[in-house]
$ cat upload34.pdb   # PDB, C-alpha atoms and all ligand atoms
ATOM      1  CA  MET A 223     127.338 101.233 105.346
ATOM      2  CA  GLY A 224     123.799 102.151 106.350
ATOM      3  CA  LEU A 225     120.922  99.676 106.554
ATOM      4  CA  LEU A 226     119.273 101.430 103.588
ATOM      5  CA  ALA A 227     122.295 102.191 101.411
ATOM      6  CA  GLY A 228     121.195 102.204  97.756
ATOM      7  CA  LYS A 229     117.476 102.241  98.680
ATOM      8  CA  LYS A 230     115.012 104.876  97.521
ATOM      9  CA  GLY A 231     111.742 105.880  99.120
ATOM     10  CA  ILE A 232     108.975 108.439  99.024
ATOM     11  CA  ILE A 233     107.630 110.219 102.114
ATOM     12  CA  LEU A 234     104.012 111.401 102.032
ATOM     13  CA  GLY A 235     102.795 113.618 104.864
ATOM     14  CA  VAL A 236     105.481 116.028 106.015
ATOM     15  CA  ALA A 237     103.833 119.280 107.151
ATOM     16  CA  ASN A 238     106.695 120.611 109.298
ATOM     17  CA  ASP A 239     109.594 119.480 111.471
ATOM     18  CA  HIS A 240     107.204 118.061 114.093
ATOM     19  CA  SER A 241     105.521 115.687 111.615
ATOM     20  CA  LEU A 242     105.893 111.960 112.260
ATOM     21  CA  ALA A 243     106.687 111.639 108.529
ATOM     22  CA  TRP A 244     109.669 113.940 109.043
ATOM     23  CA  TYR A 245     110.989 111.816 111.931
ATOM     24  CA  CYS A 246     110.640 108.757 109.691
ATOM     25  CA  ALA A 247     112.487 110.609 106.909
ATOM     26  CA  LYS A 248     115.382 111.523 109.199
ATOM     27  CA  ALA A 249     115.792 107.947 110.465
ATOM     28  CA  LEU A 250     115.702 106.558 106.909
ATOM     29  CA  HIS A 251     118.130 109.194 105.599
ATOM     30  CA  GLU A 252     120.594 108.513 108.434
ATOM     31  CA  GLN A 253     120.784 104.889 107.230
ATOM     32  CA  GLY A 254     121.642 105.904 103.667
ATOM     33  CA  ALA A 255     118.253 106.049 101.898
ATOM     34  CA  GLU A 256     117.610 108.503  99.071
ATOM     35  CA  LEU A 257     114.286 110.296  99.662
ATOM     36  CA  ALA A 258     111.512 111.959  97.667
ATOM     37  CA  PHE A 259     108.829 114.108  99.314
ATOM     38  CA  THR A 260     105.335 115.316  98.575
ATOM     39  CA  TYR A 261     103.528 118.179 100.275
ATOM     40  CA  GLN A 262      99.952 119.401 100.282
ATOM     41  CA  GLY A 263      99.617 122.980  99.040
ATOM     42  CA  GLU A 264     101.816 126.081  98.781
ATOM     43  CA  THR A 265     101.795 126.964 102.481
ATOM     44  CA  LEU A 266     103.334 123.622 103.406
ATOM     45  CA  GLU A 267     105.740 123.770 100.451
ATOM     46  CA  ARG A 268     107.569 126.608 102.233
ATOM     47  CA  ARG A 269     108.155 124.304 105.208
ATOM     48  CA  VAL A 270     108.819 121.053 103.364
ATOM     49  CA  ARG A 271     111.374 122.282 100.776
ATOM     50  CA  PRO A 272     114.048 123.339 103.302
ATOM     51  CA  LEU A 273     113.563 120.073 105.215
ATOM     52  CA  ALA A 274     113.927 118.062 102.002
ATOM     53  CA  ASP A 275     117.066 120.072 101.113
ATOM     54  CA  SER A 276     118.563 119.241 104.498
ATOM     55  CA  VAL A 277     118.483 115.525 103.620
ATOM     56  CA  ASN A 278     119.698 116.160 100.043
ATOM     57  CA  SER A 279     116.376 115.281  98.443
ATOM     58  CA  LYS A 280     116.075 116.286  94.780
ATOM     59  CA  PHE A 281     112.406 115.356  94.359
ATOM     60  CA  VAL A 282     109.778 117.498  96.092
ATOM     61  CA  GLN A 283     106.294 117.634  94.557
ATOM     62  CA  GLN A 284     102.852 118.966  95.429
ATOM     63  CA  CYS A 285     100.313 116.160  95.829
ATOM     64  CA  ASP A 286      96.796 116.286  97.191
ATOM     65  CA  LEU A 287      96.215 112.601  97.919
ATOM     66  CA  GLY A 288      92.494 113.193  97.602
ATOM     67  CA  ASN A 289      93.064 113.559  93.872
ATOM     68  CA  ASP A 290      93.942 110.451  91.799
ATOM     69  CA  GLU A 291      95.370 112.548  88.932
ATOM     70  CA  GLU A 292      97.862 114.197  91.286
ATOM     71  CA  ILE A 293      98.936 110.825  92.715
ATOM     72  CA  LYS A 294      99.378 109.446  89.195
ATOM     73  CA  ASN A 295     101.416 112.510  88.144
ATOM     74  CA  VAL A 296     103.750 112.224  91.115
ATOM     75  CA  PHE A 297     104.586 108.587  90.401
ATOM     76  CA  GLU A 298     104.956 109.267  86.654
ATOM     77  CA  LYS A 299     107.425 112.050  87.438
ATOM     78  CA  LEU A 300     109.226 109.902  90.007
ATOM     79  CA  GLY A 301     109.485 107.091  87.431
ATOM     80  CA  LYS A 302     111.379 109.478  85.139
ATOM     81  CA  GLU A 303     113.890 110.309  87.895
ATOM     82  CA  TRP A 304     114.304 106.925  89.572
ATOM     83  CA  ASP A 305     114.493 103.399  88.168
ATOM     84  CA  ARG A 306     113.254 101.817  91.394
ATOM     85  CA  LEU A 307     111.297 102.459  94.553
ATOM     86  CA  ASP A 308     112.005 100.523  97.748
ATOM     87  CA  PHE A 309     109.660 102.037 100.322
ATOM     88  CA  VAL A 310     106.720 104.353 100.852
ATOM     89  CA  ILE A 311     105.872 106.181 104.085
ATOM     90  CA  HIS A 312     102.175 107.126 104.163
ATOM     91  CA  ALA A 313     101.618 109.497 107.115
ATOM     92  CA  VAL A 314      98.461 111.275 106.084
ATOM     93  CA  ALA A 315      95.104 111.805 107.765
ATOM     94  CA  PHE A 316      92.383 114.410 107.755
ATOM     95  CA  ALA A 317      88.959 115.026 109.297
ATOM     96  CA  ASN A 318      87.057 118.254 109.763
ATOM     97  CA  LYS A 319      87.756 119.709 113.204
ATOM     98  CA  ALA A 320      84.036 119.588 114.026
ATOM     99  CA  GLU A 321      84.140 115.776 113.708
ATOM    100  CA  LEU A 322      86.959 115.512 116.266
ATOM    101  CA  GLU A 323      84.952 116.695 119.247
ATOM    102  CA  GLY A 324      81.681 115.725 120.850
ATOM    103  CA  HIS A 325      79.908 112.497 119.942
ATOM    104  CA  TYR A 326      80.578 110.051 117.103
ATOM    105  CA  VAL A 327      76.835 109.702 116.562
ATOM    106  CA  ASP A 328      76.824 113.292 115.223
ATOM    107  CA  THR A 329      79.245 112.482 112.371
ATOM    108  CA  THR A 330      77.978 113.899 109.083
ATOM    109  CA  ARG A 331      77.847 111.888 105.860
ATOM    110  CA  GLU A 332      80.268 114.327 104.197
ATOM    111  CA  GLY A 333      82.587 114.326 107.236
ATOM    112  CA  PHE A 334      82.625 110.509 107.209
ATOM    113  CA  ARG A 335      83.319 110.388 103.466
ATOM    114  CA  LEU A 336      86.173 112.898 103.700
ATOM    115  CA  ALA A 337      87.861 111.273 106.720
ATOM    116  CA  LEU A 338      87.672 107.773 105.229
ATOM    117  CA  ASP A 339      88.821 108.965 101.808
ATOM    118  CA  VAL A 340      91.894 110.909 102.928
ATOM    119  CA  SER A 341      92.858 108.842 105.975
ATOM    120  CA  ALA A 342      92.171 105.307 104.676
ATOM    121  CA  TYR A 343      91.590 105.065 100.912
ATOM    122  CA  THR A 344      94.713 107.076 100.032
ATOM    123  CA  LEU A 345      96.924 104.193 101.182
ATOM    124  CA  THR A 346      95.344 101.929  98.584
ATOM    125  CA  ALA A 347      95.480 104.644  95.895
ATOM    126  CA  VAL A 348      99.166 105.233  96.575
ATOM    127  CA  ALA A 349      99.955 101.500  96.618
ATOM    128  CA  LYS A 350      98.360 101.125  93.174
ATOM    129  CA  TYR A 351     100.759 103.657  91.626
ATOM    130  CA  ALA A 352     103.813 102.800  93.720
ATOM    131  CA  VAL A 353     103.796  99.040  93.150
ATOM    132  CA  PRO A 354     104.965  99.069  89.475
ATOM    133  CA  MET A 355     108.107 100.961  90.611
ATOM    134  CA  MET A 356     108.651  98.427  93.407
ATOM    135  CA  ASN A 357     108.635  95.461  91.040
ATOM    136  CA  HIS A 358     112.429  95.280  90.663
ATOM    137  CA  GLY A 359     112.759  91.902  92.337
ATOM    138  CA  ASP A 360     114.285  93.038  95.637
ATOM    139  CA  GLY A 361     110.905  93.645  97.205
ATOM    140  CA  GLY A 362     109.605  96.727  98.933
ATOM    141  CA  SER A 363     107.966  98.070 102.043
ATOM    142  CA  ILE A 364     104.894 100.262 102.485
ATOM    143  CA  VAL A 365     104.384 101.751 105.934
ATOM    144  CA  THR A 366     101.421 103.742 107.201
ATOM    145  CA  LEU A 367     100.632 105.448 110.500
ATOM    146  CA  THR A 368      97.638 104.499 112.600
ATOM    147  CA  TYR A 369      96.354 105.013 116.144
ATOM    148  CA  TYR A 370      94.790 103.022 118.992
ATOM    149  CA  GLY A 371      91.445 104.781 118.356
ATOM    150  CA  ALA A 372      90.999 102.174 115.568
ATOM    151  CA  GLU A 373      90.712  99.407 118.202
ATOM    152  CA  LYS A 374      89.061 101.043 121.198
ATOM    153  CA  VAL A 375      86.893 104.090 121.753
ATOM    154  CA  VAL A 376      88.984 107.194 122.437
ATOM    155  CA  PRO A 377      86.896 110.273 123.332
ATOM    156  CA  ASN A 378      86.741 112.863 120.507
ATOM    157  CA  TYR A 379      88.707 110.679 118.039
ATOM    158  CA  ASN A 380      85.323 109.683 116.580
ATOM    159  CA  VAL A 381      85.267 109.241 112.788
ATOM    160  CA  MET A 382      89.067 109.151 112.680
ATOM    161  CA  GLY A 383      88.920 105.946 114.735
ATOM    162  CA  VAL A 384      86.632 104.433 112.114
ATOM    163  CA  ALA A 385      88.970 105.646 109.356
ATOM    164  CA  LYS A 386      91.989 104.132 111.123
ATOM    165  CA  ALA A 387      90.135 100.812 111.492
ATOM    166  CA  ALA A 388      89.580 100.862 107.708
ATOM    167  CA  LEU A 389      93.239 101.772 107.229
ATOM    168  CA  GLU A 390      94.405  98.826 109.362
ATOM    169  CA  ALA A 391      92.131  96.446 107.442
ATOM    170  CA  SER A 392      93.540  97.895 104.196
ATOM    171  CA  VAL A 393      97.046  97.085 105.454
ATOM    172  CA  ARG A 394      96.066  93.413 105.783
ATOM    173  CA  TYR A 395      94.329  93.218 102.377
ATOM    174  CA  LEU A 396      97.212  95.009 100.641
ATOM    175  CA  ALA A 397      99.750  92.762 102.383
ATOM    176  CA  ALA A 398      97.878  89.693 101.095
ATOM    177  CA  ASP A 399      97.679  91.116  97.545
ATOM    178  CA  LEU A 400     101.285  92.266  97.294
ATOM    179  CA  GLY A 401     103.142  89.540  99.170
ATOM    180  CA  GLU A 402     103.884  87.534  96.018
ATOM    181  CA  GLN A 403     105.659  90.582  94.638
ATOM    182  CA  LYS A 404     107.794  90.656  97.804
ATOM    183  CA  ILE A 405     106.140  93.907  98.858
ATOM    184  CA  ARG A 406     105.404  94.137 102.578
ATOM    185  CA  VAL A 407     102.700  96.401 104.026
ATOM    186  CA  ASN A 408     102.609  97.355 107.710
ATOM    187  CA  ALA A 409     101.268 100.023 110.037
ATOM    188  CA  ILE A 410     102.806 101.722 113.049
ATOM    189  CA  SER A 411     100.237 102.446 115.742
ATOM    190  CA  ALA A 412     101.908 105.420 117.393
ATOM    191  CA  GLY A 413     101.080 106.762 120.821
ATOM    192  CA  PRO A 414     100.037 110.425 120.950
ATOM    193  CA  VAL A 415     102.675 112.925 119.811
ATOM    194  CA  ARG A 416     102.195 116.703 119.656
ATOM    195  CA  THR A 417     101.879 117.501 115.923
ATOM    196  CA  LEU A 418      99.746 119.785 113.772
ATOM    197  CA  ALA A 419      97.174 117.053 113.082
ATOM    198  CA  ALA A 420      97.093 115.888 116.715
ATOM    199  CA  MET A 421      96.415 119.387 118.032
ATOM    200  CA  GLY A 422      93.171 119.351 116.007
ATOM    201  CA  ILE A 423      91.763 116.629 118.289
ATOM    202  CA  SER A 424      89.740 118.090 121.150
ATOM    203  CA  GLY A 425      91.289 117.276 124.554
ATOM    204  CA  PHE A 426      94.629 116.142 123.064
ATOM    205  CA  ARG A 427      96.643 117.456 126.058
ATOM    206  CA  ASP A 428      94.548 115.341 128.421
ATOM    207  CA  MET A 429      95.256 112.342 126.206
ATOM    208  CA  LEU A 430      99.029 112.866 126.630
ATOM    209  CA  LYS A 431      98.716 112.982 130.412
ATOM    210  CA  HIS A 432      96.395 109.954 130.531
ATOM    211  CA  VAL A 433      98.828 107.834 128.485
ATOM    212  CA  ALA A 434     101.924 108.930 130.422
ATOM    213  CA  ASP A 435     100.186 108.000 133.703
ATOM    214  CA  ARG A 436      99.070 104.544 132.540
ATOM    215  CA  ALA A 437     101.550 103.246 129.942
ATOM    216  CA  PRO A 438     103.973 100.588 131.246
ATOM    217  CA  LEU A 439     106.928 102.847 130.367
ATOM    218  CA  LYS A 440     105.268 105.728 132.315
ATOM    219  CA  ARG A 441     105.764 108.269 129.553
ATOM    220  CA  ASN A 442     104.632 109.217 126.072
ATOM    221  CA  VAL A 443     106.397 107.947 122.985
ATOM    222  CA  GLN A 444     108.911 110.277 121.315
ATOM    223  CA  ALA A 445     108.597 111.095 117.618
ATOM    224  CA  ASP A 446     112.095 109.738 116.915
ATOM    225  CA  GLU A 447     110.988 106.355 118.333
ATOM    226  CA  VAL A 448     108.288 106.271 115.644
ATOM    227  CA  GLY A 449     111.008 107.102 113.097
ATOM    228  CA  LYS A 450     113.208 104.220 114.313
ATOM    229  CA  SER A 451     110.274 101.809 113.980
ATOM    230  CA  ALA A 452     109.687 103.016 110.413
ATOM    231  CA  LEU A 453     113.361 102.272 109.758
ATOM    232  CA  PHE A 454     112.865  98.726 111.081
ATOM    233  CA  LEU A 455     109.810  98.208 108.850
ATOM    234  CA  CYS A 456     111.526  99.659 105.745
ATOM    235  CA  SER A 457     114.741  97.671 106.216
ATOM    236  CA  ASP A 458     115.599  93.992 105.846
ATOM    237  CA  LEU A 459     115.494  93.719 109.659
ATOM    238  CA  SER A 460     111.731  93.184 109.255
ATOM    239  CA  SER A 461     111.921  90.974 106.134
ATOM    240  CA  GLY A 462     109.485  88.439 107.637
ATOM    241  CA  VAL A 463     106.912  90.986 108.811
ATOM    242  CA  THR A 464     103.853  91.955 106.770
ATOM    243  CA  GLY A 465     100.211  92.852 107.400
ATOM    244  CA  GLU A 466     101.165  93.847 110.932
ATOM    245  CA  VAL A 467     100.114  96.731 113.167
ATOM    246  CA  LEU A 468     103.154  97.502 115.319
ATOM    247  CA  HIS A 469     102.286  99.421 118.488
ATOM    248  CA  VAL A 470     104.887 102.057 119.285
ATOM    249  CA  ASP A 471     103.085 103.526 122.271
ATOM    250  CA  CYS A 472     105.210 102.822 125.385
ATOM    251  CA  GLY A 473     102.964  99.800 125.901
ATOM    252  CA  TYR A 474      99.737 101.746 126.567
ATOM    253  CA  SER A 475      97.610  99.447 124.374
ATOM    254  CA  ILE A 476      98.346  96.306 126.443
ATOM    255  CA  MET A 477      96.736  97.705 129.595
ATOM    256  CA  GLY A 478      93.283  96.517 130.653
ATOM    257  CA  MET A 479      92.897  98.585 133.780
TER     258      MET A 479
HETATM  259  N1  LIG B 501     100.520 112.696 116.261
HETATM  260  C1  LIG B 501      99.919 111.655 116.819
HETATM  261  O1  LIG B 501      99.621 111.634 118.003
HETATM  262  C2  LIG B 501      99.624 110.430 115.977
HETATM  263  C3  LIG B 501      99.425 109.197 116.606
HETATM  264  C4  LIG B 501      99.139 108.079 115.818
HETATM  265  C5  LIG B 501      99.049 108.213 114.449
HETATM  266  N2  LIG B 501      99.239 109.432 113.866
HETATM  267  C6  LIG B 501      99.128 109.515 112.415
HETATM  268  O2  LIG B 501     100.353 109.940 111.875
HETATM  269  C7  LIG B 501     100.106 110.480 110.582
HETATM  270  C8  LIG B 501     100.861 111.785 110.445
HETATM  271  O3  LIG B 501     100.282 112.775 111.285
HETATM  272  P1  LIG B 501     101.123 113.737 112.225
HETATM  273  O4  LIG B 501     100.642 113.529 113.595
HETATM  274  O5  LIG B 501     102.568 113.631 111.927
HETATM  275  O6  LIG B 501     100.565 115.190 111.825
HETATM  276  P2  LIG B 501     100.977 116.207 110.661
HETATM  277  O7  LIG B 501      99.930 117.273 110.703
HETATM  278  O8  LIG B 501     102.375 116.636 110.802
HETATM  279  O9  LIG B 501     100.827 115.337 109.337
HETATM  280  C9  LIG B 501      99.599 115.076 108.715
HETATM  281  C10 LIG B 501      99.850 115.203 107.226
HETATM  282  O10 LIG B 501      98.712 114.798 106.468
HETATM  283  C11 LIG B 501      98.735 115.589 105.298
HETATM  284  N3  LIG B 501      97.469 115.554 104.584
HETATM  285  C12 LIG B 501      96.214 115.721 105.081
HETATM  286  N4  LIG B 501      95.318 115.666 104.073
HETATM  287  C13 LIG B 501      96.029 115.461 102.925
HETATM  288  C14 LIG B 501      95.689 115.327 101.547
HETATM  289  N5  LIG B 501      94.434 115.407 101.119
HETATM  290  N6  LIG B 501      96.692 115.146 100.647
HETATM  291  C15 LIG B 501      97.976 115.085 101.056
HETATM  292  N7  LIG B 501      98.364 115.204 102.334
HETATM  293  C16 LIG B 501      97.392 115.391 103.250
HETATM  294  C17 LIG B 501      99.065 116.983 105.829
HETATM  295  O11 LIG B 501      99.489 117.842 104.787
HETATM  296  C18 LIG B 501     100.169 116.665 106.812
HETATM  297  O12 LIG B 501     101.420 116.707 106.187
HETATM  298  C19 LIG B 501      98.589 110.601 110.461
HETATM  299  O13 LIG B 501      98.100 109.492 109.738
HETATM  300  C20 LIG B 501      98.145 110.536 111.906
HETATM  301  O14 LIG B 501      96.802 110.073 112.034
HETATM  302  C21 LIG B 501      99.536 110.529 114.590
END

$ encode --input "upload34.pdb" --output "structure tokens"
Amino acid sequence: MGLLAGKKGIILGVANDHSLAWYCAKALHEQGAELAFTYQGETLERRVRPLADSVNSKFVQQCDLGNDEEIKNVFEKLGKEWDRLDFVIHAVAFANKAELEGHYVDTTREGFRLALDVSAYTLTAVAKYAVPMMNHGDGGSIVTLTYYGAEKVVPNYNVMGVAKAALEASVRYLAADLGEQKIRVNAISAGPVRTLAAMGISGFRDMLKHVADRAPLKRNVQADEVGKSALFLCSDLSSGVTGEVLHVDCGYSIMGM
């Protein structure tokens, strides 16, 4: 029997088969979880539906997480299909490409608002609607994806670093709020992985080389290693862990020089 047999979870943020959300989905499915998916817009629907089919998912819905009505609708629909929710994977971030190059000091007010809204606030918005379905007594797990640029300055990451810092603080506040309901909230701070979102960051290839040269494991993290960590955080193996930022980065973040 799998670690997640009988458990149900929703995956937010699959764009294609390179997405970290998809690697999380595969790891969770392999351990017996039943999955629901959301996608952002028709173009991504064409990629997400076949992936969802391949893990026998029956629930695949459009959801722009920048829109509260759409989030509400998704969880209302999910509540009609499922009588419980055990985990949520939030793997969503967005900033205008122009904000992900050059200097942070040039960040626009609108670019700041958009990056913080989509990349940080959406976790809180999703938690609000997901929690009633997680109140079945067995507890639940909410997992988000963050990056080292929240802690230290990473060239070109700019406003996304500020958004990830807000996201990590949100993880701690949500963990404190939801602990009594046995709902755990954690983040995975993943090392750089070649995905659609990552390729929007100026100089991303240099980042991969820099990390592989300096990380204790002398390589970059693989997407399936992020998936396995999501499995740990969604399963009972991590029952005592909440409010945590788990670095899955081949050790890069421990290095001083
Ligand atoms: N790839 C990396 O190097 C890396 C490292 C650390 C953390 N992360 C984080 O992992 C998460 C997933 O990114 P990824 O690298 O797998 O890239 P990805 O492009 O595959 O996924 C990003 C997802 O965000 C979704 N999204 C953006 N705006 C949205 C909105 N308004 N509503 C709904 N969905 C929206 C996109 O549709 C896409 O599915 C992000 O939070 C990213 O910051 C990525």

$ closest_residue --input "upload34.pdb" --among "A:Gly359, A:Gly425, A:Gly401, A:Gly224" --to "A:Ala255" --atoms "all atoms listed in the file"
A:Gly224

$ closest_atom_pairs --input "upload34.pdb" --of "stretch 290-354 of chain A" --to "stretch 409-421 of chain A" --cutoff "10 Å" --atoms "all atoms listed in the file" --output "JSON lines"
{"residue": "A:Ile311", "atom": "CA", "partner": "A:Ala409", "partner_atom": "CA", "distance": 9.7}
{"residue": "A:His312", "atom": "CA", "partner": "A:Ala409", "partner_atom": "CA", "distance": 9.3}
{"residue": "A:Ala313", "atom": "CA", "partner": "A:Ile410", "partner_atom": "CA", "distance": 9.9}
{"residue": "A:Val314", "atom": "CA", "partner": "A:Ala419", "partner_atom": "CA", "distance": 9.2}
{"residue": "A:Ala315", "atom": "CA", "partner": "A:Ala419", "partner_atom": "CA", "distance": 7.8}
{"residue": "A:Phe316", "atom": "CA", "partner": "A:Ala419", "partner_atom": "CA", "distance": 7.6}
{"residue": "A:Ala317", "atom": "CA", "partner": "A:Ala419", "partner_atom": "CA", "distance": 9.3}
{"residue": "A:Lys319", "atom": "CA", "partner": "A:Ala419", "partner_atom": "CA", "distance": 9.8}

$ residues_around --input "upload34.pdb" --residues "stretch 426-430 of chain A" --least-positions-apart "2" --cutoff "12 Å" --atoms "only C-alpha atoms" --output "JSON, numbers by chain"
{"A": [322, 323, 370, 371, 376, 377, 378, 379, 413, 414, 415, 416, 417, 418, 419, 420, 421, 422, 423, 424, 432, 433, 434, 435, 436, 437, 440, 441, 442, 443, 444, 471, 472, 474]}

$ resolve_selection --input "upload34.pdb" --expression "the PyMOL selection byres (((chain A and resi 345) around 8) and not hetatm)" --output "JSON, numbers by chain"
{"A": [312, 341, 342, 343, 344, 346, 347, 348, 349, 366, 389, 392]}

$ resolve_selection --input "upload34.pdb" --expression "the PyMOL selection byres (((chain A and resi 288-296) around 9) and not hetatm)" --output "PyMOL selection string"
chain A and resi 260+283-287+297-301+336+339-340+343-344+347-348+351

$ residues_around --input "upload34.pdb" --residues "A:Trp244" --least-positions-apart "6" --cutoff "12 Å" --atoms "all atoms listed in the file" --output "MDAnalysis selection string"
chainID A and resid 232:238 250:251 257:261 269:274 276:277 311:314 417 445:446 448:450 452

$ atom_distance --input "upload34.pdb" --atom1 "atom CA of A:Thr265" --atom2 "atom O12 of ligand LIG 501 (chain B)"
10.9 Å

$ closest_residue --input "upload34.pdb" --among "A:Met356, A:Leu307, A:Leu338, A:Leu242" --to "A:Ser451" --atoms "only C-alpha atoms"
A:Leu242

$ atom_distance --input "upload34.pdb" --atom1 "atom CA of A:Met223" --atom2 "atom CA of A:Val282"
25.7 Å

$ closest_residue --input "upload34.pdb" --among "A:Met355, A:Ala398, A:Val384, A:Val327" --to "A:Glu466" --atoms "only C-alpha atoms"
A:Ala398

$ residues_around --input "upload34.pdb" --residues "A:Ser363" --least-positions-apart "6" --cutoff "12 Å" --atoms "all atoms listed in the file" --output "ChimeraX atom specification"
/A:226,229-232,307-312,349,352-353,355-357,393,396-397,400-401,403-409,452-466

$ resolve_selection --input "upload34.pdb" --expression "the PyMOL selection byres (((chain A and resi 381) around 7) and not hetatm)" --output "ChimeraX atom specification"
/A:321,326,329,334,337,379-380,382-385

$ atom_distance --input "upload34.pdb" --atom1 "atom CA of A:Ala391" --atom2 "atom O9 of ligand LIG 501 (chain B)"
20.9 Å

$ axis_aligned_box --input "upload34.pdb" --around "stretch 382-390 of chain A" --padding-each-side "6 Å" --output "lines of an AutoDock Vina configuration file"
center_x = 90.5
center_y = 104.0
center_z = 111.0
size_x = 19.8
size_y = 22.3
size_z = 19.5

$ closest_residue --input "upload34.pdb" --among "A:His469, A:Arg394, A:Arg331, A:Arg306" --to "ligand LIG 501 (chain B)" --atoms "all atoms listed in the file"
A:His469

$ closest_residue --input "upload34.pdb" --among "A:Gly361, A:Gly263, A:Gly333, A:Pro438" --to "A:Ile476" --atoms "all atoms listed in the file"
A:Pro438

$ closest_residue --input "upload34.pdb" --among "A:Glu252, A:Glu402, A:Asp275, A:Glu390" --to "ligand LIG 501 (chain B)" --atoms "all atoms listed in the file"
A:Glu390

$ build_atoms --input "upload34.pdb" --residues "stretch 383-394 of chain A" --atoms "N, CA, C and O atoms" --output "tab-separated table (two decimals), in the coordinates of the input"
chain	number	residue	atom	x	y	z
A	383	GLY	N	88.75	107.32	114.27
A	383	GLY	CA	88.92	105.95	114.74
A	383	GLY	C	88.37	104.95	113.72
A	383	GLY	O	88.98	103.91	113.46
A	384	VAL	N	87.24	105.30	113.13
A	384	VAL	CA	86.63	104.43	112.11
A	384	VAL	C	87.52	104.40	110.87
A	384	VAL	O	87.75	103.35	110.26
A	385	ALA	N	88.07	105.57	110.52
A	385	ALA	CA	88.97	105.65	109.36
A	385	ALA	C	90.24	104.82	109.60
A	385	ALA	O	90.71	104.10	108.71
A	386	LYS	N	90.76	104.89	110.82
A	386	LYS	CA	91.99	104.13	111.12
A	386	LYS	C	91.70	102.62	111.13
A	386	LYS	O	92.57	101.82	110.77
A	387	ALA	N	90.49	102.24	111.54
A	387	ALA	CA	90.14	100.81	111.49
A	387	ALA	C	90.12	100.35	110.03
A	387	ALA	O	90.62	99.26	109.70
A	388	ALA	N	89.58	101.19	109.14
A	388	ALA	CA	89.58	100.86	107.71
A	388	ALA	C	91.01	100.83	107.16
A	388	ALA	O	91.36	99.98	106.33
A	389	LEU	N	91.83	101.74	107.67
A	389	LEU	CA	93.24	101.77	107.23
A	389	LEU	C	93.95	100.48	107.64
A	389	LEU	O	94.68	99.88	106.84
A	390	GLU	N	93.73	100.05	108.88
A	390	GLU	CA	94.40	98.83	109.36
A	390	GLU	C	93.92	97.59	108.59
A	390	GLU	O	94.71	96.69	108.29
A	391	ALA	N	92.63	97.56	108.26
A	391	ALA	CA	92.13	96.45	107.44
A	391	ALA	C	92.75	96.52	106.04
A	391	ALA	O	93.12	95.49	105.45
A	392	SER	N	92.91	97.73	105.52
A	392	SER	CA	93.54	97.90	104.20
A	392	SER	C	94.98	97.36	104.21
A	392	SER	O	95.43	96.77	103.23
A	393	VAL	N	95.66	97.59	105.33
A	393	VAL	CA	97.05	97.08	105.45
A	393	VAL	C	97.06	95.57	105.26
A	393	VAL	O	97.89	95.02	104.52
A	394	ARG	N	96.10	94.89	105.89
A	394	ARG	CA	96.07	93.41	105.78
A	394	ARG	C	95.71	92.97	104.36
A	394	ARG	O	96.35	92.06	103.81
